[in-house]
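*Asks:* One structure follows; several queries about it will come next.
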Amino acid sequence: MSVSTAATVSVRVLLFASYAEVVGRQSLELSLPAPATVGALIRRLRELPGGAGLPERPLVAVNHAHARPDSPLSERDEIAILPPLAGG
Amino acid sequence: MSVSTAATVSVRVLLFASYAEVVGRQSLELSLPAPATVGALIRRLRELPGGAGLPERPLVAVNHAHARPDSPLSERDEIAILPPLAGG
Amino acid sequence: MSHLTTAPLELGRLVTRVSAPGRGGIACFLGVVRDQQGGRAVARLDYSAYEPMAEAECERIVTEARGRWNAEVALEHRLGRLEIGEAAVAIAAAAAHRDAAFAACRYAIEQVKQRVPIWKREEYVDGGVEWVNPQAVGRPDGPTAGVPEPATQTEWGV
Amino acid sequence: MSHLTTAPLELGRLVTRVSAPGRGGIACFLGVVRDQQGGRAVARLDYSAYEPMAEAECERIVTEARGRWNAEVALEHRLGRLEIGEAAVAIAAAAAHRDAAFAACRYAIEQVKQRVPIWKREEYVDGGVEWVNPQAVGRPDGPTAGVPEPATQTEWGV
């Protein structure tokens with residue numbers, strides 16, 4: 001459950017493929033101190049149970065577009081943590 | 001009609017597409033003094049009626065393979081004079 | 001236009017979609033499930049995707065090809081279970097001339113591999129199962145294959 | 001295997017012919033009759049060939065692609081009357097990976113244009129008729145188009 005105040009940013013996090021297996025879930029909601037970035041979110045995720053299996057710098061998408069560690073997060077963003085892509 | 005002796009080489013000549021229209025025929029037989037080359041054949045062709053419309057150095061094939069002006073001709077070779085290719 | 005489907009891909013349908021009287025060259029690509037991967041015999045595989053983002057990335061790739069080469073690109077990726085020999089991705093790129101068609105087709109497949117969030121779970125004849133990491137191909141690495149190293153694929157963004 | 005046909009080309013048939021379990025990449029090309037040439041509206045056209053040599057050259061191209069890229073290439077050129085939008089040439093090249101497939105496909109179409117004795121007679125909407133000289137494209141040259149200049153196409157042999 002996320003709690004949104006002026007001082008926090010609540011986002012939805014999606015995990016896929018091998019990352020969903022490593023962490024043991026496919027989605028969660030997180031609140032981070034504002035201003036929040038992708039990098040801060042990843043650090044938090046890696047502290048959660050199972051989160052240490054995630055790499056320090058995974059591929060991340062914010063609202064369906066590739067993002068960078070310093071990309072800012074906004075309230076209700078959809079953040080996807082993407083294992084190495086294998087399409088094609 | 002070709003006449004084959006030790007001193008001549010008789011070949012069949014094929015003309016295609018625009019060259020057949022320029023020369024007014026699609027095939028002919030020619031005898032050339034031996035030893036004969038592609039270049040000598042072209043010089044002879046350009047002296048025939050309508051032959052002046054052929055270029056000095058057309059594409060030429062001997063027995064279904066691209067040839068050069070100095071390629072030798074043998075008795076009964078099939079020589080094709082090829083307008084600029086436009087396949088594909 | 002959906003770029004993802006669980007149905008078998010049909011290249012002819014994509015060719016029809018990009019054809020037009022002014023387009024004289026159509027370059028296509030099919031990526032087909034091979035019978036082996038890193039020396040291991042593959043039995044079958046499953047593709048899965050982060051679907052809304054995969055659709056959006058495919059559409060961006062199509063738009064980029066149109067802008068760069070004035071080429072019309074149709075692009076489909078299959079999801080779900082595939083057998084050996086079935087096409088996983090199909091691309092058709094049409095342009096006035098062949099240089100642009102080939103360039104756009106090649107661009108599309110390279111960008112699909114780099115940017116579109118799709119994953120592949122391979123089942124091997126020996127009974128093993130792995131999430132495929134293209135960065136790890138050539139060094140078959142058993143059960144740890146599913147725990148990737150830090151991302152180098154697109155250096156965080158494209 | 002005949003490489004020349006008066007029937008409509010079907011890319012799917014060529015793809016089937018080159019497919020095999022170890023070949024993960026299939027690159028294809030279709031050359032399609034455009035609605036204009038050098039700014040002139042094309043109505044239709046006729047392809048003709050020096051058929052035994054055209055067959056032999058196509059087969060040599062296929063063999064060369066196999067040797068250089070370990071790629072299996074299927075290649076067909078249509079002859080006779082074609083309408084706008086119909087395919088004049090179809091190529092499918094399959095290899096273990098896409099680099100080789102694209103290289104073989106591109107090689108095949110370039111070599112077809114350079115080496116295979118095929119000619120194209122275009123009929124224009126304005127009533128004109130020309131034997132097409134690819135070397136002259138871009139300088140529409142009326143009735144003299146059929147009288148070519150000295151060959152530069154392959155410098156007498158390949």
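The chains in the structure tokens are called A, B, ... from first to last as shown; in each chain the residues are counted from 1, and the ligands are counted from 1 in the order shown.
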Counting only C-alpha atoms, which residues of chain D come no farther than 6 Å from chain C, as number ranges by chain?
*Replies:* D: 21-22, 24-35, 85
*Asks:* Please, which residues of stretch 40-156 of chain D, numbered as in this document, come out alpha helix (DSSP H) from DSSP, as a ChimeraX atom specification?
*Replies:* /D:51-69,98-115
*Asks:* Quick one: write out the picked residues with N, CA and C atoms as a tab-separated table (two decimals), in the first residue's frame?
*Replies:*
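File produced: again34.tsv:
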```tsv
chain	number	residue	atom	x	y	z
D	51	GLU	N	17.54	-17.15	-72.02
D	51	GLU	CA	17.13	-18.03	-70.93
D	51	GLU	C	18.18	-19.02	-70.45
D	52	PRO	N	18.84	-19.75	-71.34
D	52	PRO	CA	19.81	-20.72	-70.78
D	52	PRO	C	20.94	-20.05	-70.01
D	53	MET	N	21.39	-18.89	-70.49
D	53	MET	CA	22.44	-18.20	-69.75
D	53	MET	C	21.90	-17.61	-68.45
D	54	ALA	N	20.68	-17.07	-68.48
D	54	ALA	CA	20.09	-16.50	-67.27
D	54	ALA	C	19.95	-17.58	-66.19
D	55	GLU	N	19.51	-18.75	-66.60
D	55	GLU	CA	19.43	-19.85	-65.63
D	55	GLU	C	20.81	-20.18	-65.06
D	56	ALA	N	21.79	-20.23	-65.94
D	56	ALA	CA	23.14	-20.60	-65.49
D	56	ALA	C	23.71	-19.54	-64.55
D	57	GLU	N	23.51	-18.26	-64.88
D	57	GLU	CA	24.03	-17.20	-64.01
D	57	GLU	C	23.34	-17.22	-62.64
D	58	CYS	N	22.03	-17.41	-62.64
D	58	CYS	CA	21.31	-17.48	-61.35
D	58	CYS	C	21.86	-18.63	-60.51
D	59	GLU	N	22.10	-19.75	-61.14
D	59	GLU	CA	22.59	-20.90	-60.39
D	59	GLU	C	24.00	-20.62	-59.86
D	60	ARG	N	24.83	-19.91	-60.65
D	60	ARG	CA	26.17	-19.55	-60.17
D	60	ARG	C	26.07	-18.61	-58.96
D	61	ILE	N	25.14	-17.67	-59.02
D	61	ILE	CA	24.97	-16.73	-57.90
D	61	ILE	C	24.59	-17.48	-56.62
D	62	VAL	N	23.65	-18.42	-56.76
D	62	VAL	CA	23.22	-19.24	-55.61
D	62	VAL	C	24.42	-20.01	-55.04
D	63	THR	N	25.21	-20.58	-55.92
D	63	THR	CA	26.37	-21.37	-55.48
D	63	THR	C	27.40	-20.48	-54.79
D	64	GLU	N	27.62	-19.28	-55.33
D	64	GLU	CA	28.58	-18.36	-54.71
D	64	GLU	C	28.12	-17.95	-53.31
D	65	ALA	N	26.82	-17.68	-53.16
D	65	ALA	CA	26.30	-17.29	-51.84
D	65	ALA	C	26.47	-18.43	-50.83
D	66	ARG	N	26.28	-19.64	-51.32
D	66	ARG	CA	26.45	-20.80	-50.42
D	66	ARG	C	27.90	-20.89	-49.96
D	67	GLY	N	28.82	-20.66	-50.87
D	67	GLY	CA	30.24	-20.75	-50.52
D	67	GLY	C	30.70	-19.63	-49.61
D	68	ARG	N	30.21	-18.42	-49.85
D	68	ARG	CA	30.72	-17.27	-49.09
D	68	ARG	C	30.09	-17.13	-47.72
D	69	TRP	N	28.80	-17.45	-47.60
D	69	TRP	CA	28.10	-17.19	-46.33
D	69	TRP	C	27.45	-18.44	-45.74
D	98	ARG	N	21.53	-13.70	-38.84
D	98	ARG	CA	20.99	-12.70	-39.75
D	98	ARG	C	22.05	-11.95	-40.55
D	99	ASP	N	23.24	-11.77	-40.01
D	99	ASP	CA	24.27	-11.08	-40.79
D	99	ASP	C	24.51	-11.79	-42.12
D	100	ALA	N	24.69	-13.10	-42.06
D	100	ALA	CA	24.94	-13.86	-43.27
D	100	ALA	C	23.72	-13.87	-44.18
D	101	ALA	N	22.53	-13.95	-43.59
D	101	ALA	CA	21.32	-13.97	-44.41
D	101	ALA	C	21.17	-12.66	-45.19
D	102	PHE	N	21.36	-11.53	-44.50
D	102	PHE	CA	21.25	-10.24	-45.19
D	102	PHE	C	22.34	-10.09	-46.24
D	103	ALA	N	23.56	-10.49	-45.91
D	103	ALA	CA	24.67	-10.33	-46.86
D	103	ALA	C	24.40	-11.15	-48.11
D	104	ALA	N	23.94	-12.38	-47.94
D	104	ALA	CA	23.69	-13.24	-49.09
D	104	ALA	C	22.53	-12.71	-49.93
D	105	CYS	N	21.50	-12.21	-49.28
D	105	CYS	CA	20.34	-11.68	-50.01
D	105	CYS	C	20.75	-10.45	-50.82
D	106	ARG	N	21.51	-9.56	-50.19
D	106	ARG	CA	21.95	-8.36	-50.88
D	106	ARG	C	22.88	-8.70	-52.04
D	107	TYR	N	23.78	-9.64	-51.80
D	107	TYR	CA	24.68	-10.08	-52.87
D	107	TYR	C	23.87	-10.60	-54.05
D	108	ALA	N	22.87	-11.42	-53.77
D	108	ALA	CA	22.10	-12.04	-54.85
D	108	ALA	C	21.41	-10.99	-55.71
D	109	ILE	N	20.76	-10.01	-55.10
D	109	ILE	CA	20.04	-9.04	-55.94
D	109	ILE	C	21.02	-8.17	-56.72
D	110	GLU	N	22.15	-7.80	-56.11
D	110	GLU	CA	23.13	-6.99	-56.85
D	110	GLU	C	23.70	-7.78	-58.03
D	111	GLN	N	23.97	-9.04	-57.81
D	111	GLN	CA	24.54	-9.85	-58.88
D	111	GLN	C	23.51	-10.13	-59.98
D	112	VAL	N	22.26	-10.31	-59.59
D	112	VAL	CA	21.21	-10.47	-60.62
D	112	VAL	C	21.22	-9.26	-61.54
D	113	LYS	N	21.28	-8.08	-60.96
D	113	LYS	CA	21.25	-6.87	-61.78
D	113	LYS	C	22.50	-6.74	-62.65
D	114	GLN	N	23.63	-7.18	-62.15
D	114	GLN	CA	24.88	-7.00	-62.89
D	114	GLN	C	25.13	-8.07	-63.94
D	115	ARG	N	24.65	-9.28	-63.72
D	115	ARG	CA	25.14	-10.41	-64.51
D	115	ARG	C	24.10	-11.17	-65.29
```
*Asks:* Which distance in Å separates atom CA of B:Leu85 and atom CA of B:Ile42, to one decimal?
*Replies:*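 Value for the atom CA of B:Leu85-atom CA of B:Ile42 distance: 18.3 Å.
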*Asks:* Output as an MDAnalysis selection string the set of chain A residues within 12 Å of chain C, with distances taken over only C-alpha atoms.
*Replies:* chainID A and resid 14:23 26 38:39 50:71 78:88
*Asks:* Which of stretch 62-136 of chain C end up as strand (DSSP E) when DSSP is run on this backbone - answer as a ChimeraX atom specification?
*Replies:* /C:72-78,80-83,87-95,118-124,129-131
*Asks:* Would you work out the distance separating atom CA of B:Arg25 from atom CA of D:Asp46, expressed in Å to one decimal?
*Replies:* 19.3 Å
*Asks:* One decimal, in Å: what's the spacing between atom CA of A:Val13 and atom CA of A:Arg76?
*Replies:* 9.9 Å
